[in-house]
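Novice: Contents are compact mmCIF, N, CA and C atoms; file name entry30.txt:
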# COMPACT_ATOMS: atom_id res chain seq x y z
N MET A 1 0.84 -1.17 0.00
CA MET A 1 0.00 0.00 0.00
C MET A 1 0.90 1.25 0.00
N SER A 2 0.57 2.18 -0.86
CA SER A 2 1.34 3.40 -0.99
C SER A 2 0.61 4.54 -0.31
N VAL A 3 1.35 5.26 0.54
CA VAL A 3 0.76 6.38 1.26
C VAL A 3 1.57 7.63 0.92
N ASN A 4 0.89 8.67 0.52
CA ASN A 4 1.54 9.95 0.22
C ASN A 4 1.23 10.92 1.35
N TYR A 5 2.28 11.51 1.92
CA TYR A 5 2.11 12.51 2.96
C TYR A 5 2.53 13.87 2.43
N GLY A 6 1.91 14.91 2.91
CA GLY A 6 2.29 16.25 2.51
C GLY A 6 1.53 16.74 1.30
N SER A 7 2.03 17.84 0.74
CA SER A 7 1.31 18.48 -0.36
C SER A 7 1.81 18.06 -1.73
N LYS A 8 2.81 17.19 -1.80
CA LYS A 8 3.32 16.76 -3.09
C LYS A 8 2.31 15.86 -3.77
N ARG A 9 1.99 16.22 -4.98
CA ARG A 9 0.97 15.50 -5.73
C ARG A 9 1.62 14.80 -6.91
N LEU A 10 1.25 13.58 -7.18
CA LEU A 10 1.76 12.86 -8.33
C LEU A 10 1.04 13.37 -9.57
N VAL A 11 1.79 14.04 -10.43
CA VAL A 11 1.20 14.65 -11.61
C VAL A 11 1.44 13.73 -12.80
N VAL A 12 0.35 13.31 -13.40
CA VAL A 12 0.42 12.44 -14.56
C VAL A 12 -0.42 13.06 -15.65
N GLY A 13 0.05 13.02 -16.86
CA GLY A 13 -0.76 13.53 -17.96
C GLY A 13 -0.10 14.70 -18.64
N ALA A 14 -0.91 15.45 -19.31
CA ALA A 14 -0.41 16.51 -20.17
C ALA A 14 -0.29 17.82 -19.39
N HIS A 15 -0.79 18.86 -19.93
CA HIS A 15 -0.59 20.21 -19.42
C HIS A 15 -1.78 20.71 -18.63
N TYR A 16 -2.75 19.87 -18.36
CA TYR A 16 -3.93 20.22 -17.58
C TYR A 16 -4.72 21.40 -18.14
N GLY A 17 -4.68 21.57 -19.44
CA GLY A 17 -5.57 22.51 -20.09
C GLY A 17 -5.11 23.94 -20.21
N THR A 18 -3.95 24.30 -19.70
CA THR A 18 -3.50 25.68 -19.77
C THR A 18 -3.30 26.12 -21.22
N ARG A 19 -2.64 25.29 -22.00
CA ARG A 19 -2.40 25.64 -23.41
C ARG A 19 -3.73 25.76 -24.17
N ASP A 20 -4.66 24.84 -23.91
CA ASP A 20 -5.95 24.90 -24.59
C ASP A 20 -6.76 26.12 -24.15
N TRP A 21 -6.70 26.43 -22.87
CA TRP A 21 -7.40 27.62 -22.37
C TRP A 21 -6.86 28.87 -23.05
N LEU A 22 -5.53 28.96 -23.13
CA LEU A 22 -4.91 30.12 -23.78
C LEU A 22 -5.24 30.16 -25.27
N ALA A 23 -5.23 29.00 -25.93
CA ALA A 23 -5.56 28.94 -27.36
C ALA A 23 -6.99 29.42 -27.60
N GLN A 24 -7.91 29.05 -26.72
CA GLN A 24 -9.30 29.50 -26.87
C GLN A 24 -9.38 31.03 -26.78
N ARG A 25 -8.64 31.61 -25.85
CA ARG A 25 -8.69 33.07 -25.67
C ARG A 25 -8.03 33.79 -26.85
N VAL A 26 -6.89 33.29 -27.31
CA VAL A 26 -6.18 33.94 -28.42
C VAL A 26 -6.99 33.84 -29.71
N THR A 27 -7.53 32.67 -30.00
CA THR A 27 -8.33 32.53 -31.23
C THR A 27 -9.61 33.36 -31.15
N ALA A 28 -10.21 33.43 -29.97
CA ALA A 28 -11.42 34.26 -29.82
C ALA A 28 -11.09 35.74 -30.03
N ALA A 29 -9.96 36.19 -29.50
CA ALA A 29 -9.57 37.59 -29.68
C ALA A 29 -9.28 37.88 -31.15
N LEU A 30 -8.62 36.97 -31.84
CA LEU A 30 -8.34 37.14 -33.26
C LEU A 30 -9.63 37.22 -34.08
N MET A 31 -10.58 36.34 -33.76
CA MET A 31 -11.86 36.36 -34.48
C MET A 31 -12.64 37.64 -34.19
N ALA A 32 -12.59 38.11 -32.95
CA ALA A 32 -13.28 39.35 -32.59
C ALA A 32 -12.67 40.55 -33.32
N LEU A 33 -11.35 40.61 -33.37
CA LEU A 33 -10.67 41.69 -34.07
C LEU A 33 -11.01 41.67 -35.56
N PHE A 34 -11.00 40.50 -36.16
CA PHE A 34 -11.35 40.37 -37.57
C PHE A 34 -12.79 40.83 -37.81
N THR A 35 -13.69 40.47 -36.91
CA THR A 35 -15.10 40.87 -37.05
C THR A 35 -15.23 42.39 -36.99
N VAL A 36 -14.51 43.02 -36.09
CA VAL A 36 -14.56 44.48 -35.99
C VAL A 36 -14.02 45.12 -37.27
N LEU A 37 -12.89 44.60 -37.79
CA LEU A 37 -12.32 45.14 -39.03
C LEU A 37 -13.28 44.96 -40.21
N LEU A 38 -13.90 43.81 -40.29
CA LEU A 38 -14.85 43.56 -41.38
C LEU A 38 -16.08 44.45 -41.25
N LEU A 39 -16.59 44.60 -40.04
CA LEU A 39 -17.74 45.49 -39.84
C LEU A 39 -17.39 46.94 -40.18
N ALA A 40 -16.19 47.36 -39.85
CA ALA A 40 -15.76 48.73 -40.18
C ALA A 40 -15.74 48.91 -41.69
N GLN A 41 -15.25 47.92 -42.42
CA GLN A 41 -15.23 48.03 -43.88
C GLN A 41 -16.65 48.09 -44.44
N VAL A 42 -17.54 47.33 -43.87
CA VAL A 42 -18.92 47.31 -44.35
C VAL A 42 -19.64 48.60 -44.00
N ILE A 43 -19.46 49.08 -42.78
CA ILE A 43 -20.17 50.27 -42.31
C ILE A 43 -19.69 51.53 -43.03
N PHE A 44 -18.39 51.63 -43.26
CA PHE A 44 -17.83 52.86 -43.82
C PHE A 44 -17.71 52.87 -45.33
N THR A 45 -18.33 51.92 -46.00
CA THR A 45 -18.36 51.96 -47.46
C THR A 45 -19.69 52.55 -47.90
N ARG A 46 -19.63 53.28 -48.96
CA ARG A 46 -20.83 53.95 -49.47
C ARG A 46 -21.46 53.10 -50.56
N GLY A 47 -22.73 53.28 -50.74
CA GLY A 47 -23.43 52.57 -51.79
C GLY A 47 -24.04 51.27 -51.32
N PRO A 48 -24.73 50.60 -52.23
CA PRO A 48 -25.40 49.35 -51.85
C PRO A 48 -24.40 48.24 -51.56
N LEU A 49 -24.78 47.38 -50.65
CA LEU A 49 -23.91 46.28 -50.23
C LEU A 49 -24.35 45.00 -50.92
N GLY A 50 -23.88 44.81 -52.14
CA GLY A 50 -24.22 43.62 -52.90
C GLY A 50 -23.01 42.71 -53.07
N TYR A 51 -23.13 41.79 -54.00
CA TYR A 51 -22.06 40.82 -54.24
C TYR A 51 -20.76 41.52 -54.66
N ASP A 52 -20.87 42.53 -55.51
CA ASP A 52 -19.66 43.23 -55.97
C ASP A 52 -18.89 43.86 -54.82
N ARG A 53 -19.62 44.43 -53.87
CA ARG A 53 -18.97 45.06 -52.71
C ARG A 53 -18.28 44.01 -51.85
N TRP A 54 -18.97 42.90 -51.59
CA TRP A 54 -18.37 41.83 -50.79
C TRP A 54 -17.15 41.24 -51.51
N ALA A 55 -17.28 41.03 -52.80
CA ALA A 55 -16.14 40.50 -53.57
C ALA A 55 -14.98 41.49 -53.54
N GLY A 56 -15.29 42.79 -53.56
CA GLY A 56 -14.25 43.81 -53.50
C GLY A 56 -13.52 43.80 -52.16
N ILE A 57 -14.26 43.57 -51.09
CA ILE A 57 -13.63 43.51 -49.76
C ILE A 57 -12.63 42.36 -49.69
N PHE A 58 -13.00 41.21 -50.25
CA PHE A 58 -12.15 40.02 -50.15
C PHE A 58 -11.27 39.80 -51.37
N SER A 59 -11.17 40.77 -52.28
CA SER A 59 -10.39 40.56 -53.50
C SER A 59 -8.89 40.73 -53.31
N SER A 60 -8.48 41.55 -52.36
CA SER A 60 -7.04 41.76 -52.16
C SER A 60 -6.42 40.54 -51.47
N GLN A 61 -5.17 40.29 -51.83
CA GLN A 61 -4.48 39.10 -51.32
C GLN A 61 -4.32 39.13 -49.80
N TRP A 62 -4.03 40.29 -49.22
CA TRP A 62 -3.86 40.37 -47.77
C TRP A 62 -5.15 40.02 -47.03
N MET A 63 -6.29 40.41 -47.61
CA MET A 63 -7.58 40.10 -46.97
C MET A 63 -7.88 38.62 -47.08
N LYS A 64 -7.53 38.01 -48.20
CA LYS A 64 -7.73 36.56 -48.34
C LYS A 64 -6.88 35.80 -47.32
N VAL A 65 -5.63 36.20 -47.19
CA VAL A 65 -4.74 35.53 -46.24
C VAL A 65 -5.23 35.74 -44.80
N LEU A 66 -5.59 36.98 -44.46
CA LEU A 66 -6.10 37.27 -43.13
C LEU A 66 -7.38 36.47 -42.84
N THR A 67 -8.27 36.41 -43.82
CA THR A 67 -9.51 35.65 -43.65
C THR A 67 -9.21 34.17 -43.45
N PHE A 68 -8.26 33.63 -44.21
CA PHE A 68 -7.94 32.23 -44.05
C PHE A 68 -7.28 31.95 -42.70
N VAL A 69 -6.46 32.87 -42.22
CA VAL A 69 -5.88 32.72 -40.88
C VAL A 69 -6.98 32.70 -39.83
N VAL A 70 -7.97 33.55 -40.00
CA VAL A 70 -9.10 33.58 -39.07
C VAL A 70 -9.92 32.29 -39.18
N ILE A 71 -10.08 31.77 -40.39
CA ILE A 71 -10.78 30.49 -40.56
C ILE A 71 -10.02 29.38 -39.83
N LEU A 72 -8.69 29.36 -39.97
CA LEU A 72 -7.90 28.36 -39.25
C LEU A 72 -8.02 28.53 -37.74
N ALA A 73 -8.04 29.77 -37.28
CA ALA A 73 -8.23 30.03 -35.85
C ALA A 73 -9.59 29.53 -35.39
N LEU A 74 -10.61 29.77 -36.21
CA LEU A 74 -11.95 29.29 -35.89
C LEU A 74 -11.98 27.76 -35.82
N LEU A 75 -11.33 27.11 -36.78
CA LEU A 75 -11.32 25.65 -36.80
C LEU A 75 -10.59 25.10 -35.57
N TYR A 76 -9.47 25.71 -35.18
CA TYR A 76 -8.77 25.25 -33.99
C TYR A 76 -9.61 25.51 -32.74
N HIS A 77 -10.26 26.65 -32.69
CA HIS A 77 -11.16 26.99 -31.58
C HIS A 77 -12.26 25.94 -31.45
N VAL A 78 -12.85 25.59 -32.57
CA VAL A 78 -13.90 24.56 -32.58
C VAL A 78 -13.34 23.21 -32.15
N TRP A 79 -12.15 22.86 -32.65
CA TRP A 79 -11.55 21.57 -32.31
C TRP A 79 -11.34 21.45 -30.80
N VAL A 80 -10.77 22.48 -30.18
CA VAL A 80 -10.52 22.42 -28.74
C VAL A 80 -11.84 22.29 -27.98
N GLY A 81 -12.82 23.06 -28.38
CA GLY A 81 -14.12 22.99 -27.70
C GLY A 81 -14.81 21.66 -27.87
N MET A 82 -14.84 21.14 -29.10
CA MET A 82 -15.52 19.86 -29.34
C MET A 82 -14.77 18.71 -28.68
N ARG A 83 -13.45 18.74 -28.73
CA ARG A 83 -12.67 17.69 -28.08
C ARG A 83 -12.94 17.67 -26.58
N ASP A 84 -13.02 18.84 -25.98
CA ASP A 84 -13.32 18.90 -24.55
C ASP A 84 -14.72 18.37 -24.26
N ILE A 85 -15.68 18.69 -25.11
CA ILE A 85 -17.04 18.17 -24.92
C ILE A 85 -17.03 16.65 -25.03
N TRP A 86 -16.36 16.11 -26.06
CA TRP A 86 -16.33 14.65 -26.22
C TRP A 86 -15.64 14.01 -25.01
N MET A 87 -14.53 14.61 -24.53
CA MET A 87 -13.81 14.03 -23.39
C MET A 87 -14.65 14.06 -22.11
N ASP A 88 -15.40 15.14 -21.92
CA ASP A 88 -16.15 15.30 -20.66
C ASP A 88 -17.46 14.52 -20.62
N TYR A 89 -18.14 14.40 -21.75
CA TYR A 89 -19.50 13.90 -21.71
C TYR A 89 -19.73 12.57 -22.43
N VAL A 90 -18.78 12.11 -23.20
CA VAL A 90 -18.95 10.83 -23.91
C VAL A 90 -18.07 9.80 -23.21
N LYS A 91 -18.69 8.76 -22.68
CA LYS A 91 -17.93 7.78 -21.89
C LYS A 91 -17.38 6.62 -22.70
N PRO A 92 -18.11 6.00 -23.62
CA PRO A 92 -17.51 4.87 -24.36
C PRO A 92 -16.34 5.34 -25.22
N VAL A 93 -15.21 4.65 -25.08
CA VAL A 93 -13.99 5.06 -25.78
C VAL A 93 -14.17 4.98 -27.28
N TRP A 94 -14.85 3.95 -27.77
CA TRP A 94 -15.02 3.80 -29.22
C TRP A 94 -15.84 4.95 -29.79
N LEU A 95 -16.86 5.41 -29.05
CA LEU A 95 -17.69 6.52 -29.51
C LEU A 95 -16.92 7.84 -29.46
N LYS A 96 -16.14 8.01 -28.38
CA LYS A 96 -15.32 9.22 -28.25
C LYS A 96 -14.32 9.31 -29.41
N LEU A 97 -13.66 8.20 -29.72
CA LEU A 97 -12.70 8.18 -30.82
C LEU A 97 -13.39 8.44 -32.16
N SER A 98 -14.56 7.84 -32.35
CA SER A 98 -15.32 8.06 -33.59
C SER A 98 -15.71 9.53 -33.75
N LEU A 99 -16.16 10.13 -32.67
CA LEU A 99 -16.54 11.55 -32.72
C LEU A 99 -15.32 12.44 -32.96
N ASP A 100 -14.18 12.09 -32.37
CA ASP A 100 -12.94 12.84 -32.63
C ASP A 100 -12.57 12.77 -34.11
N VAL A 101 -12.60 11.58 -34.67
CA VAL A 101 -12.26 11.41 -36.09
C VAL A 101 -13.24 12.16 -36.97
N PHE A 102 -14.54 12.04 -36.68
CA PHE A 102 -15.54 12.76 -37.45
C PHE A 102 -15.32 14.26 -37.38
N THR A 103 -15.01 14.77 -36.20
CA THR A 103 -14.78 16.20 -36.02
C THR A 103 -13.57 16.66 -36.83
N ILE A 104 -12.49 15.88 -36.79
CA ILE A 104 -11.28 16.24 -37.55
C ILE A 104 -11.57 16.25 -39.04
N VAL A 105 -12.25 15.22 -39.53
CA VAL A 105 -12.57 15.14 -40.97
C VAL A 105 -13.46 16.32 -41.36
N TRP A 106 -14.44 16.62 -40.54
CA TRP A 106 -15.35 17.74 -40.83
C TRP A 106 -14.58 19.07 -40.87
N LEU A 107 -13.69 19.29 -39.92
CA LEU A 107 -12.95 20.55 -39.87
C LEU A 107 -11.96 20.67 -41.03
N VAL A 108 -11.32 19.58 -41.42
CA VAL A 108 -10.42 19.62 -42.58
C VAL A 108 -11.22 19.92 -43.84
N ALA A 109 -12.41 19.33 -43.96
CA ALA A 109 -13.27 19.62 -45.12
C ALA A 109 -13.69 21.09 -45.13
N CYS A 110 -13.99 21.64 -43.96
CA CYS A 110 -14.34 23.07 -43.88
C CYS A 110 -13.17 23.95 -44.28
N ALA A 111 -11.95 23.57 -43.89
CA ALA A 111 -10.77 24.34 -44.29
C ALA A 111 -10.60 24.30 -45.81
N GLY A 112 -10.80 23.14 -46.41
CA GLY A 112 -10.73 23.02 -47.87
C GLY A 112 -11.77 23.86 -48.55
N TRP A 113 -12.97 23.86 -48.01
CA TRP A 113 -14.05 24.67 -48.58
C TRP A 113 -13.71 26.16 -48.44
N GLY A 114 -13.12 26.55 -47.31
CA GLY A 114 -12.72 27.95 -47.12
C GLY A 114 -11.68 28.39 -48.14
N ILE A 115 -10.70 27.52 -48.41
CA ILE A 115 -9.70 27.83 -49.44
C ILE A 115 -10.37 27.99 -50.79
N GLN A 116 -11.26 27.09 -51.11
CA GLN A 116 -11.95 27.15 -52.40
C GLN A 116 -12.76 28.42 -52.56
N VAL A 117 -13.49 28.80 -51.54
CA VAL A 117 -14.31 30.01 -51.61
C VAL A 117 -13.44 31.26 -51.70
N LEU A 118 -12.42 31.34 -50.87
CA LEU A 118 -11.59 32.55 -50.83
C LEU A 118 -10.82 32.80 -52.13
N TRP A 119 -10.24 31.76 -52.68
CA TRP A 119 -9.40 31.97 -53.85
C TRP A 119 -10.15 31.80 -55.17
N ARG A 120 -11.47 31.62 -55.08
CA ARG A 120 -12.28 31.59 -56.29
C ARG A 120 -12.83 32.98 -56.60
N LEU A 121 -12.83 33.88 -55.64
CA LEU A 121 -13.39 35.23 -55.84
C LEU A 121 -12.69 35.95 -56.97
Can you turn what I pasted into C-alpha cells?
Specialist:
Amino acid sequence: MSVNYGSKRLVVGAHYGTRDWLAQRVTAALMALFTVLLLAQVIFTRGPLGYDRWAGIFSSQWMKVLTFVVILALLYHVWVGMRDIWMDYVKPVWLKLSLDVFTIVWLVACAGWGIQVLWRL
C-alpha cells in the first residue's frame, strides 16, 4: 500500500488545459478583431452592399490571407471545444474516438471549402 504525505501530488498527464485555455482566448480575440475590421469596412463603405462590394472587400491578397488565418483560428477553436465536450460527456472510448475522427474530418473539409471560396473570388 502506498501512502503519500504532505502536499506533493503525483502529476500524470499533459498540461492540464493551460495551453488549450490560452488557445481559446487567443483565437477568440483574433476572431473578434477580424469581425470588428470587417464590420468597419462594411459600415464605412458607401453605396449598396451587394455581391460586388463583398467581392471587393475580399479581393485583395492580404484580406484573403487574413480571412484564411481567421478560418484556421476558428477551426482550432472549434476543435478544442468539441474535443473537450467529447472528453467530458462521452464515456464509451469507441464513440469518443469516432466523434474525434468525425470532427477532424469535418474541420479539414471546412478548411478546404474555405480555401476554395476565398481563392475563387
Novice: Do you know which residues are at most 12 Å from Trp62 in chain A counting only C-alpha atoms, after dropping those on the same chain fewer than 6 positions away, and could you put them as a PDB file with N, CA and C atoms, in the coordinates of the input?
Specialist:
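selection36.pdb written:
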ATOM      1  N   PHE A  68      -8.260  33.630 -44.210  1.00  0.00           N
ATOM      2  CA  PHE A  68      -7.940  32.230 -44.050  1.00  0.00           C
ATOM      3  C   PHE A  68      -7.280  31.950 -42.700  1.00  0.00           C
ATOM      4  N   VAL A  69      -6.460  32.870 -42.220  1.00  0.00           N
ATOM      5  CA  VAL A  69      -5.880  32.720 -40.880  1.00  0.00           C
ATOM      6  C   VAL A  69      -6.980  32.700 -39.830  1.00  0.00           C
ATOM      7  N   LEU A 118     -12.420  31.340 -50.870  1.00  0.00           N
ATOM      8  CA  LEU A 118     -11.590  32.550 -50.830  1.00  0.00           C
ATOM      9  C   LEU A 118     -10.820  32.800 -52.130  1.00  0.00           C
ATOM     10  N   TRP A 119     -10.240  31.760 -52.680  1.00  0.00           N
ATOM     11  CA  TRP A 119      -9.400  31.970 -53.850  1.00  0.00           C
ATOM     12  C   TRP A 119     -10.150  31.800 -55.170  1.00  0.00           C
TER      13      TRP A 119
END
Novice: Near range 72-83 of chain A, within 7 Å and counting only N, CA and C atoms, which residues show up once chain neighbours fewer than 6 positions away are dropped, as a short mmCIF file (atom, residue, chain, number, x, y, z; two decimals) with N, CA and C atoms, in the frame of the given file?
Specialist:
data_model
loop_
_atom_site.label_atom_id
_atom_site.label_comp_id
_atom_site.auth_asym_id
_atom_site.auth_seq_id
_atom_site.Cartn_x
_atom_site.Cartn_y
_atom_site.Cartn_z
N ASP A 20 -4.66 24.84 -23.91
CA ASP A 20 -5.95 24.90 -24.59
C ASP A 20 -6.76 26.12 -24.15
N ALA A 23 -5.23 29.00 -25.93
CA ALA A 23 -5.56 28.94 -27.36
C ALA A 23 -6.99 29.42 -27.60
N GLN A 24 -7.91 29.05 -26.72
CA GLN A 24 -9.30 29.50 -26.87
C GLN A 24 -9.38 31.03 -26.78
N THR A 27 -7.53 32.67 -30.00
CA THR A 27 -8.33 32.53 -31.23
C THR A 27 -9.61 33.36 -31.15
N ALA A 28 -10.21 33.43 -29.97
CA ALA A 28 -11.42 34.26 -29.82
C ALA A 28 -11.09 35.74 -30.03
N MET A 31 -10.58 36.34 -33.76
CA MET A 31 -11.86 36.36 -34.48
C MET A 31 -12.64 37.64 -34.19
N ASP A 100 -14.18 12.09 -32.37
CA ASP A 100 -12.94 12.84 -32.63
C ASP A 100 -12.57 12.77 -34.11
N THR A 103 -15.01 14.77 -36.20
CA THR A 103 -14.78 16.20 -36.02
C THR A 103 -13.57 16.66 -36.83
N LEU A 107 -13.69 19.29 -39.92
CA LEU A 107 -12.95 20.55 -39.87
C LEU A 107 -11.96 20.67 -41.03
N ALA A 111 -11.95 23.57 -43.89
CA ALA A 111 -10.77 24.34 -44.29
C ALA A 111 -10.60 24.30 -45.81
#
Novice: Between A:Leu99, A:Leu30, A:Ile104, A:Gly114, which one has atoms that come closest to Val70 in chain A, using all atoms listed in the file?
Specialist: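 Residue with the minimum atom-to-atom distance to Val70 in chain A: A:Leu30.
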